[in-house]
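File shown here: run-v8.cif, holding mmCIF, C-alpha atoms.
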```cif
data_my_file
loop_
_atom_site.group_PDB
_atom_site.id
_atom_site.type_symbol
_atom_site.label_atom_id
_atom_site.label_comp_id
_atom_site.auth_asym_id
_atom_site.auth_seq_id
_atom_site.Cartn_x
_atom_site.Cartn_y
_atom_site.Cartn_z
ATOM 1 C CA MET A 1 -28.167 52.986 61.052
ATOM 2 C CA ALA A 2 -25.603 51.829 58.499
ATOM 3 C CA ASP A 3 -24.721 55.396 57.598
ATOM 4 C CA HIS A 4 -24.143 56.564 61.160
ATOM 5 C CA ASN A 5 -20.990 58.541 61.613
ATOM 6 C CA TYR A 6 -18.771 59.169 64.597
ATOM 7 C CA ASP A 7 -20.964 61.937 66.057
ATOM 8 C CA GLU A 8 -24.181 59.922 65.760
ATOM 9 C CA ILE A 9 -22.599 56.915 67.463
ATOM 10 C CA ASN A 10 -21.393 59.130 70.304
ATOM 11 C CA LYS A 11 -24.879 60.652 70.636
ATOM 12 C CA LEU A 12 -26.356 57.166 70.983
ATOM 13 C CA LEU A 13 -23.698 56.271 73.564
ATOM 14 C CA PHE A 14 -24.533 59.419 75.511
ATOM 15 C CA LYS A 15 -28.278 58.650 75.341
ATOM 16 C CA TYR A 16 -27.695 55.122 76.598
ATOM 17 C CA LYS A 17 -25.510 56.330 79.473
ATOM 18 C CA ALA A 18 -28.335 58.760 80.324
ATOM 19 C CA GLY A 19 -30.716 55.801 80.663
ATOM 20 C CA ASN A 20 -32.191 55.419 77.176
ATOM 21 C CA ASP A 21 -32.223 51.646 76.577
ATOM 22 C CA SER A 22 -33.476 51.990 73.009
ATOM 23 C CA ALA A 23 -30.171 53.705 72.166
ATOM 24 C CA LEU A 24 -28.349 50.610 73.454
ATOM 25 C CA TYR A 25 -30.372 48.321 71.214
ATOM 26 C CA GLU A 26 -29.822 50.576 68.222
ATOM 27 C CA LEU A 27 -26.068 50.476 68.867
ATOM 28 C CA TYR A 28 -26.190 46.714 69.414
ATOM 29 C CA GLU A 29 -27.945 46.154 66.088
ATOM 30 C CA PHE A 30 -25.430 48.398 64.336
ATOM 31 C CA TYR A 31 -22.471 46.444 65.745
ATOM 32 C CA LYS A 32 -24.119 43.013 65.504
ATOM 33 C CA PRO A 33 -22.026 41.974 62.449
ATOM 34 C CA LEU A 34 -18.906 42.667 64.525
ATOM 35 C CA PHE A 35 -20.276 40.514 67.346
ATOM 36 C CA ILE A 36 -21.134 37.685 64.956
ATOM 37 C CA SER A 37 -17.595 37.810 63.534
ATOM 38 C CA SER A 38 -16.175 37.766 67.042
ATOM 39 C CA VAL A 39 -18.255 34.725 67.997
ATOM 40 C CA LYS A 40 -17.127 32.959 64.805
ATOM 41 C CA ARG A 41 -13.472 33.653 65.584
ATOM 42 C CA ILE A 42 -13.838 32.414 69.153
ATOM 43 C CA LEU A 43 -15.660 29.262 68.074
ATOM 44 C CA TYR A 44 -12.953 28.638 65.506
ATOM 45 C CA LYS A 45 -10.272 28.917 68.195
ATOM 46 C CA GLU A 46 -12.293 27.011 70.810
ATOM 47 C CA PRO A 47 -14.586 24.444 69.144
ATOM 48 C CA ARG A 48 -15.783 23.105 72.536
ATOM 49 C CA LEU A 49 -17.981 26.193 72.685
ATOM 50 C CA SER A 50 -19.890 25.359 69.478
ATOM 51 C CA PRO A 51 -22.954 23.945 71.278
ATOM 52 C CA TYR A 52 -23.363 27.316 73.006
ATOM 53 C CA ARG A 53 -23.223 29.423 69.812
ATOM 54 C CA GLU A 54 -26.640 31.101 70.257
ATOM 55 C CA ASP A 55 -26.084 31.689 73.968
ATOM 56 C CA ILE A 56 -22.692 33.227 73.255
ATOM 57 C CA LEU A 57 -24.211 35.616 70.728
ATOM 58 C CA GLY A 58 -26.611 36.690 73.482
ATOM 59 C CA ASP A 59 -23.657 37.072 75.855
ATOM 60 C CA THR A 60 -22.206 39.708 73.542
ATOM 61 C CA LEU A 61 -24.799 42.158 74.886
ATOM 62 C CA PHE A 62 -23.369 41.874 78.411
ATOM 63 C CA VAL A 63 -19.833 42.330 77.143
ATOM 64 C CA PHE A 64 -20.975 45.233 74.945
ATOM 65 C CA ILE A 65 -22.476 47.009 77.974
ATOM 66 C CA LYS A 66 -19.268 46.441 79.940
ATOM 67 C CA LEU A 67 -17.194 47.921 77.104
ATOM 68 C CA ILE A 68 -19.516 50.923 76.772
ATOM 69 C CA ASP A 69 -18.957 51.598 80.468
ATOM 70 C CA GLN A 70 -15.176 51.423 79.961
ATOM 71 C CA TYR A 71 -15.132 53.644 76.860
ATOM 72 C CA ASP A 72 -13.599 57.106 77.105
ATOM 73 C CA PRO A 73 -14.357 59.234 74.007
ATOM 74 C CA LYS A 74 -11.315 61.391 74.712
ATOM 75 C CA LEU A 75 -8.987 58.460 74.026
ATOM 76 C CA SER A 76 -10.286 56.841 70.823
ATOM 77 C CA TYR A 77 -13.187 56.338 68.456
ATOM 78 C CA PHE A 78 -15.776 53.907 69.770
ATOM 79 C CA SER A 79 -15.702 51.591 66.738
ATOM 80 C CA TYR A 80 -11.939 51.234 67.071
ATOM 81 C CA PHE A 81 -12.194 50.788 70.845
ATOM 82 C CA LEU A 82 -14.871 48.121 70.468
ATOM 83 C CA SER A 83 -13.240 46.222 67.597
ATOM 84 C CA THR A 84 -9.927 45.950 69.453
ATOM 85 C CA ARG A 85 -11.501 44.700 72.691
ATOM 86 C CA ILE A 86 -14.580 42.647 71.875
ATOM 87 C CA ASP A 87 -12.845 39.316 71.168
ATOM 88 C CA ILE A 88 -10.715 39.084 74.283
ATOM 89 C CA ASN A 89 -13.434 40.420 76.593
ATOM 90 C CA LEU A 90 -16.033 38.070 75.145
ATOM 91 C CA PHE A 91 -13.571 35.185 75.372
ATOM 92 C CA ARG A 92 -12.911 35.944 79.060
ATOM 93 C CA TYR A 93 -16.616 36.220 79.794
ATOM 94 C CA ILE A 94 -17.625 32.968 78.112
ATOM 95 C CA SER A 95 -14.599 31.073 79.448
ATOM 96 C CA ASP A 96 -15.647 31.993 82.979
ATOM 97 C CA LYS A 97 -19.260 31.096 82.202
ATOM 98 C CA TYR A 98 -18.827 27.797 80.327
ATOM 99 C CA PHE A 99 -15.564 26.301 81.615
ATOM 100 C CA THR A 100 -14.182 25.379 85.000
ATOM 101 C CA LYS A 101 -10.728 26.740 85.805
ATOM 102 C CA GLU A 102 -9.172 23.413 84.847
ATOM 103 C CA GLU A 103 -10.914 23.342 81.441
ATOM 104 C CA SER A 104 -10.161 26.917 80.481
ATOM 105 C CA VAL A 105 -7.961 27.620 77.527
ATOM 106 C CA GLU A 106 -5.116 29.845 78.491
ATOM 107 C CA GLU A 107 -5.915 33.444 77.618
ATOM 108 C CA VAL A 108 -2.326 34.006 76.527
ATOM 109 C CA GLU A 109 -2.635 31.110 74.076
ATOM 110 C CA PHE A 110 -5.841 32.606 72.673
ATOM 111 C CA ILE A 111 -4.239 36.026 72.222
ATOM 112 C CA GLU A 112 -1.126 34.560 70.556
ATOM 113 C CA GLN A 113 -3.242 32.568 68.095
ATOM 114 C CA TYR A 114 -5.578 35.463 67.432
ATOM 115 C CA ASP A 115 -5.670 36.646 63.868
ATOM 116 C CA ASP A 116 -8.506 38.816 62.666
ATOM 117 C CA PRO A 117 -9.125 37.945 59.006
ATOM 118 C CA PHE A 118 -12.701 39.304 59.102
ATOM 119 C CA ASN A 119 -11.683 42.841 60.045
ATOM 120 C CA LYS A 120 -8.861 42.757 57.486
ATOM 121 C CA ILE A 121 -11.298 41.768 54.756
ATOM 122 C CA ASP A 122 -13.828 44.404 55.866
ATOM 123 C CA ASN A 123 -11.114 47.064 55.823
ATOM 124 C CA VAL A 124 -9.954 46.085 52.343
ATOM 125 C CA ILE A 125 -13.532 46.230 51.053
ATOM 126 C CA CYS A 126 -14.121 49.662 52.628
ATOM 127 C CA ILE A 127 -10.844 51.037 51.289
ATOM 128 C CA HIS A 128 -11.535 49.658 47.808
ATOM 129 C CA GLN A 129 -15.016 51.214 47.771
ATOM 130 C CA ALA A 130 -13.584 54.554 48.877
ATOM 131 C CA PHE A 131 -10.816 54.329 46.273
ATOM 132 C CA GLU A 132 -13.407 53.761 43.527
ATOM 133 C CA LYS A 133 -15.140 57.027 44.483
ATOM 134 C CA LEU A 134 -11.998 59.118 43.900
ATOM 135 C CA ASN A 135 -11.396 61.115 40.741
ATOM 136 C CA ASP A 136 -8.856 59.779 38.227
ATOM 137 C CA LYS A 137 -5.954 62.003 39.345
ATOM 138 C CA SER A 138 -6.391 60.955 42.975
ATOM 139 C CA LYS A 139 -6.588 57.281 42.004
ATOM 140 C CA GLU A 140 -3.470 57.675 39.912
ATOM 141 C CA VAL A 141 -1.295 59.082 42.727
ATOM 142 C CA ILE A 142 -2.493 56.471 45.205
ATOM 143 C CA GLN A 143 -1.878 53.731 42.639
ATOM 144 C CA VAL A 144 1.736 54.656 41.946
ATOM 145 C CA TYR A 145 2.631 55.529 45.539
ATOM 146 C CA PHE A 146 0.960 52.713 47.472
ATOM 147 C CA PHE A 147 0.402 49.892 45.008
ATOM 148 C CA GLU A 148 3.478 50.311 42.816
ATOM 149 C CA GLN A 149 5.442 51.448 45.896
ATOM 150 C CA LEU A 150 7.329 54.196 44.137
ATOM 151 C CA ASP A 151 8.792 56.997 46.212
ATOM 152 C CA GLN A 152 7.509 60.525 45.540
ATOM 153 C CA LYS A 153 10.369 61.393 43.201
ATOM 154 C CA GLU A 154 9.890 58.252 41.065
ATOM 155 C CA ALA A 155 6.104 58.620 41.110
ATOM 156 C CA SER A 156 6.229 62.273 40.040
ATOM 157 C CA GLU A 157 8.579 61.402 37.175
ATOM 158 C CA LYS A 158 6.296 58.587 36.042
ATOM 159 C CA LEU A 159 3.285 60.937 36.049
ATOM 160 C CA GLY A 160 5.216 63.787 34.406
ATOM 161 C CA ILE A 161 4.622 66.294 37.213
ATOM 162 C CA THR A 162 6.853 67.984 39.761
ATOM 163 C CA GLN A 163 7.495 66.308 43.095
ATOM 164 C CA GLY A 164 5.730 69.190 44.851
ATOM 165 C CA ALA A 165 2.631 68.745 42.686
ATOM 166 C CA PHE A 166 2.690 65.015 43.359
ATOM 167 C CA SER A 167 2.932 65.599 47.104
ATOM 168 C CA LYS A 168 -0.055 67.974 47.011
ATOM 169 C CA ARG A 169 -2.145 65.514 44.951
ATOM 170 C CA LEU A 170 -1.273 62.672 47.299
ATOM 171 C CA SER A 171 -2.225 64.705 50.380
ATOM 172 C CA LYS A 172 -5.487 65.731 48.726
ATOM 173 C CA ALA A 173 -6.233 62.129 47.681
ATOM 174 C CA LEU A 174 -5.608 60.816 51.203
ATOM 175 C CA GLU A 175 -7.815 63.545 52.659
ATOM 176 C CA GLN A 176 -10.567 62.557 50.215
ATOM 177 C CA MET A 177 -10.190 58.917 51.310
ATOM 178 C CA LYS A 178 -10.512 59.945 54.962
ATOM 179 C CA ASN A 179 -13.625 61.954 54.187
ATOM 180 C CA ILE A 180 -15.200 59.091 52.269
ATOM 181 C CA LEU A 181 -14.348 56.491 54.928
ATOM 182 C CA GLY A 182 -15.465 58.738 57.787
ATOM 183 C CA LYS A 183 -13.910 59.801 61.064
ATOM 184 C CA ASP A 184 -14.656 56.466 62.722
ATOM 185 C CA PHE A 185 -12.453 54.451 60.357
ATOM 186 C CA LEU A 186 -9.080 53.429 61.754
ATOM 187 C CA PHE A 187 -6.169 55.322 60.159
ATOM 188 C CA ASP A 188 -2.548 54.500 60.982
#
```
Turn the structure described in the file into structure tokens.
Amino acid sequence: MADHNYDEINKLLFKYKAGNDSALYELYEFYKPLFISSVKRILYKEPRLSPYREDILGDTLFVFIKLIDQYDPKLSYFSYFLSTRIDINLFRYISDKYFTKEESVEEVEFIEQYDDPFNKIDNVICIHQAFEKLNDKSKEVIQVYFFEQLDQKEASEKLGITQGAFSKRLSKALEQMKNILGKDFLFD
């Protein structure tokens, strides 16, 4: 399922909501690396949970189902929705399950400490792989604009083209990147 795109994920979500449990397990397996990363981050922030590592990984299924029920496809892509909510929802679930109220780590403290190095690394890898698939002209405009941080006028002068031509190449290069990365990749 590694090559599933936005539409295929939504079809599986629809099938699951219609009662097809195999669709849920297919989705779960697809997102399992995300769940493993989430468990690792939580265990890093709350080492007292380490003895429950395997149980917590199993708990991700319950949280996953809860998040599927909350998901509204009109508001965002599912991968984005899931990746921005899995950690805190899983943390709440396991805190309630494994700690008494007195033992619980403050949720606010967890959120303030939260840094997501795994998703940052995954995003960099995906963007680099997409960049490598571009033609030389597209790579060149992205290189000077984003990596060398030249404005369009400076970049066009460096490349020996008009600013209008540079702008068109940059737009085309970014569109190619979006197509390579797919609709379900987060773009800001």
Counting only C-alpha atoms, the residue among A:Ser138, A:Ser171, A:Leu24, A:Gln129 that lies closest to Ile65 (chain A) is A:Leu24
- Any idea what's packed within 12 Å of Tyr25 (chain A), counting only C-alpha atoms, ignoring anything in its chain fewer than 2 positions away? Could you give it as an NGL selection string? :A and (1 or 12-13 or 15-16 or 20-23 or 27-32 or 61-62 or 64-65)
Using only C-alpha atoms, the residue out of A:Ser83, A:Gln143, A:Asn10, A:Asn135 with shortest distance to Leu159 (chain A) is A:Gln143
| request: Using the chain letters and numbers from the file, give me the residues hit by the PyMOL selection byres ((chain A and resi 43) around 12), as a list of chain:residue names. | output: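 Applying the expression gives A:Ile36, A:Ser37, A:Ser38, A:Val39, A:Lys40, A:Arg41, A:Ile42, A:Tyr44, A:Lys45, A:Glu46, A:Pro47, A:Arg48, A:Leu49, A:Ser50, A:Pro51, A:Tyr52, A:Arg53, A:Glu54, A:Ile56, A:Leu57, A:Asp87, A:Leu90, A:Phe91, A:Ile94, A:Ser95, A:Phe110, A:Tyr114.
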Take the PyMOL selection byres ((chain A and resi 144) around 12), run it mentally on this structure, and tell me the resulting residues as an mmCIF file with C-alpha atoms, in the frame of the given file.
```
data_model
loop_
_atom_site.group_PDB
_atom_site.id
_atom_site.type_symbol
_atom_site.label_atom_id
_atom_site.label_comp_id
_atom_site.auth_asym_id
_atom_site.auth_seq_id
_atom_site.Cartn_x
_atom_site.Cartn_y
_atom_site.Cartn_z
ATOM 1 C CA LYS A 137 -5.954 62.003 39.345
ATOM 2 C CA SER A 138 -6.391 60.955 42.975
ATOM 3 C CA LYS A 139 -6.588 57.281 42.004
ATOM 4 C CA GLU A 140 -3.470 57.675 39.912
ATOM 5 C CA VAL A 141 -1.295 59.082 42.727
ATOM 6 C CA ILE A 142 -2.493 56.471 45.205
ATOM 7 C CA GLN A 143 -1.878 53.731 42.639
ATOM 8 C CA TYR A 145 2.631 55.529 45.539
ATOM 9 C CA PHE A 146 0.960 52.713 47.472
ATOM 10 C CA PHE A 147 0.402 49.892 45.008
ATOM 11 C CA GLU A 148 3.478 50.311 42.816
ATOM 12 C CA GLN A 149 5.442 51.448 45.896
ATOM 13 C CA LEU A 150 7.329 54.196 44.137
ATOM 14 C CA ASP A 151 8.792 56.997 46.212
ATOM 15 C CA GLN A 152 7.509 60.525 45.540
ATOM 16 C CA LYS A 153 10.369 61.393 43.201
ATOM 17 C CA GLU A 154 9.890 58.252 41.065
ATOM 18 C CA ALA A 155 6.104 58.620 41.110
ATOM 19 C CA SER A 156 6.229 62.273 40.040
ATOM 20 C CA GLU A 157 8.579 61.402 37.175
ATOM 21 C CA LYS A 158 6.296 58.587 36.042
ATOM 22 C CA LEU A 159 3.285 60.937 36.049
ATOM 23 C CA PHE A 166 2.690 65.015 43.359
ATOM 24 C CA ARG A 169 -2.145 65.514 44.951
ATOM 25 C CA LEU A 170 -1.273 62.672 47.299
#
```
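Taking CA of Arg85 (chain A) as the reference point, CA of Ile127 (chain A) is found at 22.3 Å.
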